[in-house]
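Visitor: There's a structure below that I have some questions on.
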Amino acid sequence: MDLTPQQLIQFNGSDPSKPIYVAINGRIYDVTAGKSFYGPGGAYAMFAGKDASRALAKMSKNEEDVCPNLDGLSEKEMDVLNDWVKKFEANFDSLTLLTCEINEEEEKNAVVVVHPRLGGEPLD
């Protein structure tokens, strides 16, 4: 079960009956175990229900940085993001992938990009 960004926002901690998810680099993690950090009022609550890749890479809590866009990040920032990915993989379950809703024409023209500093295979 993949989620779109619009579906992911439902898992931002505002509904106590739902888990709390954070996406990094297109992968979604269940951070419910860390709800004191990622839930409402937590130090990282602004990341809940969103892809926080850029913000984590930049060590930023600015709302405009809470997005998946990695364009223009330095090598050092990419290393920081890679460290965050390792921490999330070690501490939280990786559930699914963050997807975009695209039409058939966009899908035919899609390009898969894997950043070499983050490793891994292209995500389907």
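Just remember, in the structure tokens the first chain shown is A, the second B, etc., residues are 1-based per chain, and ligands are 1-based in the order shown.
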Which residues are near A:Ser74? Cut-off 12 Å, only C-alpha atoms, ignore same chain within fewer than 4 positions. Put them as a VMD selection string.
Guide: chain A and resid 54 57 to 58 70 78 to 81 117
Visitor: Those selected residues, please, written with N, CA, C and O atoms and delivered as a PDB file, in the first residue's frame.
Guide:
ATOM      1  N   ARG A  54      14.203  17.353   2.976  1.00  0.00           N
ATOM      2  CA  ARG A  54      15.000  18.579   2.883  1.00  0.00           C
ATOM      3  C   ARG A  54      15.262  19.171   4.270  1.00  0.00           C
ATOM      4  O   ARG A  54      16.387  19.573   4.583  1.00  0.00           O
ATOM      5  N   ALA A  57      17.893  17.132   6.079  1.00  0.00           N
ATOM      6  CA  ALA A  57      19.214  17.356   5.485  1.00  0.00           C
ATOM      7  C   ALA A  57      19.805  18.686   5.932  1.00  0.00           C
ATOM      8  O   ALA A  57      21.000  18.794   6.198  1.00  0.00           O
ATOM      9  N   LYS A  58      18.947  19.696   6.033  1.00  0.00           N
ATOM     10  CA  LYS A  58      19.399  21.035   6.405  1.00  0.00           C
ATOM     11  C   LYS A  58      19.369  21.268   7.913  1.00  0.00           C
ATOM     12  O   LYS A  58      19.744  22.337   8.384  1.00  0.00           O
ATOM     13  N   LEU A  70      15.300  17.838  -2.942  1.00  0.00           N
ATOM     14  CA  LEU A  70      16.715  17.787  -2.557  1.00  0.00           C
ATOM     15  C   LEU A  70      17.597  18.660  -3.443  1.00  0.00           C
ATOM     16  O   LEU A  70      18.816  18.684  -3.279  1.00  0.00           O
ATOM     17  N   MET A  78      23.645  16.261   2.172  1.00  0.00           N
ATOM     18  CA  MET A  78      23.253  14.916   1.732  1.00  0.00           C
ATOM     19  C   MET A  78      23.784  13.863   2.695  1.00  0.00           C
ATOM     20  O   MET A  78      23.111  12.867   2.965  1.00  0.00           O
ATOM     21  N   ASP A  79      24.972  14.077   3.235  1.00  0.00           N
ATOM     22  CA  ASP A  79      25.515  13.160   4.248  1.00  0.00           C
ATOM     23  C   ASP A  79      24.648  13.182   5.506  1.00  0.00           C
ATOM     24  O   ASP A  79      24.403  12.132   6.115  1.00  0.00           O
ATOM     25  N   VAL A  80      24.199  14.369   5.895  1.00  0.00           N
ATOM     26  CA  VAL A  80      23.315  14.491   7.067  1.00  0.00           C
ATOM     27  C   VAL A  80      22.018  13.723   6.819  1.00  0.00           C
ATOM     28  O   VAL A  80      21.543  12.985   7.688  1.00  0.00           O
ATOM     29  N   LEU A  81      21.453  13.878   5.620  1.00  0.00           N
ATOM     30  CA  LEU A  81      20.226  13.159   5.283  1.00  0.00           C
ATOM     31  C   LEU A  81      20.457  11.655   5.343  1.00  0.00           C
ATOM     32  O   LEU A  81      19.636  10.912   5.884  1.00  0.00           O
ATOM     33  N   ARG A 117      24.609   9.213  -3.421  1.00  0.00           N
ATOM     34  CA  ARG A 117      25.080   9.344  -2.040  1.00  0.00           C
ATOM     35  C   ARG A 117      24.145   8.636  -1.065  1.00  0.00           C
ATOM     36  O   ARG A 117      24.519   8.371   0.052  1.00  0.00           O
TER      37      ARG A 117
END
Visitor: Counting only C-alpha atoms, which residues of stretch 38-109 of chain A fall within 12 Å of stretch 6-28 of chain A, and what is the closest atom pair for each with its distance in Å at one decimal, ordered by chain and rising number, as a tab-separated table?
Guide:
residue	atom	partner	partner_atom	distance
A:Tyr38	CA	A:Ile20	CA	7.4
A:Gly39	CA	A:Gly13	CA	5.0
A:Pro40	CA	A:Gly13	CA	6.1
A:Gly41	CA	A:Gly13	CA	9.8
A:Gly42	CA	A:Gly13	CA	10.1
A:Tyr44	CA	A:Val22	CA	10.0
A:Ala45	CA	A:Asn12	CA	7.8
A:Met46	CA	A:Asn12	CA	8.5
A:Phe47	CA	A:Val22	CA	6.2
A:Ala48	CA	A:Asn12	CA	4.4
A:Gly49	CA	A:Asn12	CA	4.0
A:Lys50	CA	A:Val22	CA	5.6
A:Asp51	CA	A:Ala23	CA	4.2
A:Ala52	CA	A:Ile24	CA	5.7
A:Ser53	CA	A:Ile24	CA	4.8
A:Arg54	CA	A:Ile24	CA	8.6
A:Ala55	CA	A:Ile24	CA	9.8
A:Leu56	CA	A:Ile24	CA	8.5
A:Ala57	CA	A:Ile24	CA	9.9
A:Val66	CA	A:Ile24	CA	10.2
A:Cys67	CA	A:Ile24	CA	9.2
A:Pro68	CA	A:Asn25	CA	6.5
A:Asn69	CA	A:Asn25	CA	9.0
A:Leu70	CA	A:Asn25	CA	8.8
A:Met78	CA	A:Asn25	CA	10.9
A:Leu81	CA	A:Ile24	CA	8.5
A:Asn82	CA	A:Asn25	CA	9.4
A:Asp83	CA	A:Ile24	CA	11.3
A:Trp84	CA	A:Ile24	CA	8.4
A:Val85	CA	A:Ile24	CA	6.9
A:Lys86	CA	A:Ile24	CA	10.6
A:Lys87	CA	A:Ile24	CA	11.1
A:Phe88	CA	A:Ile24	CA	8.7
A:Glu89	CA	A:Arg27	CA	10.1
A:Phe92	CA	A:Ile28	CA	9.7
A:Asp93	CA	A:Ile28	CA	8.5
A:Ser94	CA	A:Ile28	CA	5.8
A:Leu95	CA	A:Ile28	CA	5.7
A:Thr96	CA	A:Ile28	CA	5.4
A:Leu97	CA	A:Arg27	CA	4.6
A:Leu98	CA	A:Gly26	CA	4.9
A:Thr99	CA	A:Gly26	CA	7.4
A:Cys100	CA	A:Gln6	CA	9.1
A:Glu101	CA	A:Gln6	CA	9.4
Visitor: Interatomic distance between atom CA of A:Asp2 and atom CA of A:Glu75?
Guide: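 Value for the atom CA of A:Asp2-atom CA of A:Glu75 distance: 29.2 Å.
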Visitor: Would you return as a JSON list (two decimals) with N, CA, C and O atoms, in the first residue's frame the members of stretch 9-98 of chain A that DSSP assigns to helix (DSSP H, G or I) on this structure's backbone?
Guide:
[["chain", "number", "residue", "atom", "x", "y", "z"],
["A", 9, "ILE", "N", -0.69, 12.97, 4.91],
["A", 9, "ILE", "CA", -1.01, 14.02, 5.87],
["A", 9, "ILE", "C", -2.02, 13.54, 6.92],
["A", 9, "ILE", "O", -2.06, 14.08, 8.04],
["A", 10, "GLN", "N", -2.80, 12.51, 6.60],
["A", 10, "GLN", "CA", -3.76, 11.96, 7.56],
["A", 10, "GLN", "C", -3.08, 11.31, 8.76],
["A", 10, "GLN", "O", -3.71, 11.06, 9.78],
["A", 11, "PHE", "N", -1.79, 11.05, 8.63],
["A", 11, "PHE", "CA", -1.03, 10.37, 9.68],
["A", 11, "PHE", "C", -0.07, 11.34, 10.36],
["A", 11, "PHE", "O", 1.09, 11.03, 10.60],
["A", 32, "THR", "N", 5.30, 6.27, 15.36],
["A", 32, "THR", "CA", 4.36, 6.32, 16.48],
["A", 32, "THR", "C", 5.06, 6.06, 17.81],
["A", 32, "THR", "O", 4.73, 6.67, 18.82],
["A", 33, "ALA", "N", 6.06, 5.18, 17.81],
["A", 33, "ALA", "CA", 6.81, 4.89, 19.04],
["A", 33, "ALA", "C", 7.51, 6.14, 19.58],
["A", 33, "ALA", "O", 7.78, 6.24, 20.77],
["A", 34, "GLY", "N", 7.76, 7.10, 18.71],
["A", 34, "GLY", "CA", 8.39, 8.36, 19.11],
["A", 34, "GLY", "C", 7.39, 9.50, 19.15],
["A", 34, "GLY", "O", 7.74, 10.65, 18.84],
["A", 35, "LYS", "N", 6.13, 9.20, 19.53],
["A", 35, "LYS", "CA", 5.09, 10.23, 19.47],
["A", 35, "LYS", "C", 5.37, 11.43, 20.36],
["A", 35, "LYS", "O", 4.89, 12.52, 20.09],
["A", 36, "SER", "N", 6.20, 11.27, 21.39],
["A", 36, "SER", "CA", 6.54, 12.44, 22.21],
["A", 36, "SER", "C", 7.38, 13.44, 21.41],
["A", 36, "SER", "O", 7.40, 14.63, 21.72],
["A", 37, "PHE", "N", 8.06, 12.96, 20.36],
["A", 37, "PHE", "CA", 8.84, 13.82, 19.48],
["A", 37, "PHE", "C", 8.07, 14.25, 18.23],
["A", 37, "PHE", "O", 8.15, 15.39, 17.80],
["A", 38, "TYR", "N", 7.32, 13.29, 17.64],
["A", 38, "TYR", "CA", 6.68, 13.53, 16.35],
["A", 38, "TYR", "C", 5.19, 13.82, 16.45],
["A", 38, "TYR", "O", 4.58, 14.28, 15.49],
["A", 45, "ALA", "N", 7.16, 17.67, 15.50],
["A", 45, "ALA", "CA", 5.78, 17.49, 15.06],
["A", 45, "ALA", "C", 5.55, 18.04, 13.66],
["A", 45, "ALA", "O", 4.70, 17.54, 12.92],
["A", 46, "MET", "N", 6.33, 19.04, 13.26],
["A", 46, "MET", "CA", 6.14, 19.63, 11.92],
["A", 46, "MET", "C", 6.49, 18.65, 10.80],
["A", 46, "MET", "O", 6.12, 18.86, 9.67],
["A", 47, "PHE", "N", 7.18, 17.55, 11.13],
["A", 47, "PHE", "CA", 7.53, 16.55, 10.13],
["A", 47, "PHE", "C", 6.46, 15.48, 9.96],
["A", 47, "PHE", "O", 6.44, 14.77, 8.96],
["A", 53, "SER", "N", 12.45, 15.24, 4.05],
["A", 53, "SER", "CA", 13.81, 15.03, 3.56],
["A", 53, "SER", "C", 14.66, 16.29, 3.59],
["A", 53, "SER", "O", 15.77, 16.29, 4.13],
["A", 54, "ARG", "N", 14.20, 17.35, 2.98],
["A", 54, "ARG", "CA", 15.00, 18.58, 2.88],
["A", 54, "ARG", "C", 15.26, 19.17, 4.27],
["A", 54, "ARG", "O", 16.39, 19.57, 4.58],
["A", 55, "ALA", "N", 14.24, 19.20, 5.10],
["A", 55, "ALA", "CA", 14.39, 19.77, 6.44],
["A", 55, "ALA", "C", 15.42, 18.99, 7.26],
["A", 55, "ALA", "O", 16.25, 19.58, 7.95],
["A", 56, "LEU", "N", 15.37, 17.67, 7.17],
["A", 56, "LEU", "CA", 16.33, 16.86, 7.92],
["A", 56, "LEU", "C", 17.74, 17.07, 7.39],
["A", 56, "LEU", "O", 18.69, 17.18, 8.16],
["A", 57, "ALA", "N", 17.89, 17.13, 6.08],
["A", 57, "ALA", "CA", 19.21, 17.36, 5.49],
["A", 57, "ALA", "C", 19.81, 18.69, 5.93],
["A", 57, "ALA", "O", 21.00, 18.79, 6.20],
["A", 58, "LYS", "N", 18.95, 19.70, 6.03],
["A", 58, "LYS", "CA", 19.40, 21.04, 6.41],
["A", 58, "LYS", "C", 19.37, 21.27, 7.91],
["A", 58, "LYS", "O", 19.74, 22.34, 8.38],
["A", 63, "GLU", "N", 9.09, 25.58, 8.03],
["A", 63, "GLU", "CA", 8.02, 24.92, 7.29],
["A", 63, "GLU", "C", 8.34, 24.78, 5.80],
["A", 63, "GLU", "O", 8.04, 23.76, 5.18],
["A", 64, "GLU", "N", 8.97, 25.79, 5.20],
["A", 64, "GLU", "CA", 9.27, 25.73, 3.77],
["A", 64, "GLU", "C", 10.30, 24.66, 3.42],
["A", 64, "GLU", "O", 10.41, 24.24, 2.27],
["A", 65, "ASP", "N", 11.05, 24.18, 4.42],
["A", 65, "ASP", "CA", 12.03, 23.12, 4.19],
["A", 65, "ASP", "C", 11.44, 21.73, 4.36],
["A", 65, "ASP", "O", 12.09, 20.73, 4.03],
["A", 75, "GLU", "N", 26.94, 18.52, -0.46],
["A", 75, "GLU", "CA", 27.36, 17.15, -0.14],
["A", 75, "GLU", "C", 27.23, 16.89, 1.36],
["A", 75, "GLU", "O", 26.79, 15.82, 1.78],
["A", 76, "LYS", "N", 27.58, 17.88, 2.15],
["A", 76, "LYS", "CA", 27.46, 17.74, 3.61],
["A", 76, "LYS", "C", 26.00, 17.53, 4.02],
["A", 76, "LYS", "O", 25.71, 16.68, 4.87],
["A", 77, "GLU", "N", 25.09, 18.28, 3.42],
["A", 77, "GLU", "CA", 23.67, 18.13, 3.74],
["A", 77, "GLU", "C", 23.15, 16.76, 3.31],
["A", 77, "GLU", "O", 22.36, 16.14, 4.02],
["A", 78, "MET", "N", 23.64, 16.26, 2.17],
["A", 78, "MET", "CA", 23.25, 14.92, 1.73],
["A", 78, "MET", "C", 23.78, 13.86, 2.69],
["A", 78, "MET", "O", 23.11, 12.87, 2.97],
["A", 79, "ASP", "N", 24.97, 14.08, 3.24],
["A", 79, "ASP", "CA", 25.52, 13.16, 4.25],
["A", 79, "ASP", "C", 24.65, 13.18, 5.51],
["A", 79, "ASP", "O", 24.40, 12.13, 6.11],
["A", 80, "VAL", "N", 24.20, 14.37, 5.90],
["A", 80, "VAL", "CA", 23.31, 14.49, 7.07],
["A", 80, "VAL", "C", 22.02, 13.72, 6.82],
["A", 80, "VAL", "O", 21.54, 12.99, 7.69],
["A", 81, "LEU", "N", 21.45, 13.88, 5.62],
["A", 81, "LEU", "CA", 20.23, 13.16, 5.28],
["A", 81, "LEU", "C", 20.46, 11.65, 5.34],
["A", 81, "LEU", "O", 19.64, 10.91, 5.88],
["A", 82, "ASN", "N", 21.57, 11.20, 4.82],
["A", 82, "ASN", "CA", 21.89, 9.78, 4.86],
["A", 82, "ASN", "C", 21.99, 9.28, 6.30],
["A", 82, "ASN", "O", 21.53, 8.17, 6.62],
["A", 83, "ASP", "N", 22.55, 10.09, 7.19],
["A", 83, "ASP", "CA", 22.61, 9.72, 8.61],
["A", 83, "ASP", "C", 21.20, 9.60, 9.20],
["A", 83, "ASP", "O", 20.92, 8.69, 9.98],
["A", 84, "TRP", "N", 20.30, 10.52, 8.83],
["A", 84, "TRP", "CA", 18.92, 10.45, 9.29],
["A", 84, "TRP", "C", 18.24, 9.18, 8.79],
["A", 84, "TRP", "O", 17.51, 8.52, 9.54],
["A", 85, "VAL", "N", 18.47, 8.84, 7.53],
["A", 85, "VAL", "CA", 17.88, 7.61, 6.98],
["A", 85, "VAL", "C", 18.34, 6.41, 7.80],
["A", 85, "VAL", "O", 17.53, 5.56, 8.17],
["A", 86, "LYS", "N", 19.62, 6.34, 8.11],
["A", 86, "LYS", "CA", 20.15, 5.23, 8.91],
["A", 86, "LYS", "C", 19.50, 5.19, 10.29],
["A", 86, "LYS", "O", 19.16, 4.12, 10.80],
["A", 87, "LYS", "N", 19.32, 6.35, 10.91],
["A", 87, "LYS", "CA", 18.67, 6.40, 12.23],
["A", 87, "LYS", "C", 17.23, 5.93, 12.16],
["A", 87, "LYS", "O", 16.78, 5.16, 13.01],
["A", 88, "PHE", "N", 16.51, 6.39, 11.14],
["A", 88, "PHE", "CA", 15.12, 5.97, 11.00],
["A", 88, "PHE", "C", 15.03, 4.47, 10.71],
["A", 88, "PHE", "O", 14.18, 3.78, 11.27],
["A", 89, "GLU", "N", 15.91, 3.96, 9.87],
["A", 89, "GLU", "CA", 15.90, 2.53, 9.56],
["A", 89, "GLU", "C", 16.19, 1.69, 10.80],
["A", 89, "GLU", "O", 15.65, 0.61, 10.96],
["A", 90, "ALA", "N", 17.06, 2.19, 11.67],
["A", 90, "ALA", "CA", 17.42, 1.46, 12.88],
["A", 90, "ALA", "C", 16.34, 1.52, 13.96],
["A", 90, "ALA", "O", 16.23, 0.60, 14.77],
["A", 91, "ASN", "N", 15.54, 2.59, 13.96],
["A", 91, "ASN", "CA", 14.61, 2.81, 15.07],
["A", 91, "ASN", "C", 13.13, 2.65, 14.73],
["A", 91, "ASN", "O", 12.31, 2.52, 15.64]]
Visitor: List every residue of stretch 24-70 of chain A that DSSP, applied to the backbone, labels as strand (DSSP E), and write the result as JSON, numbers by chain.
Guide: {"A": [24, 27, 28, 29, 30]}
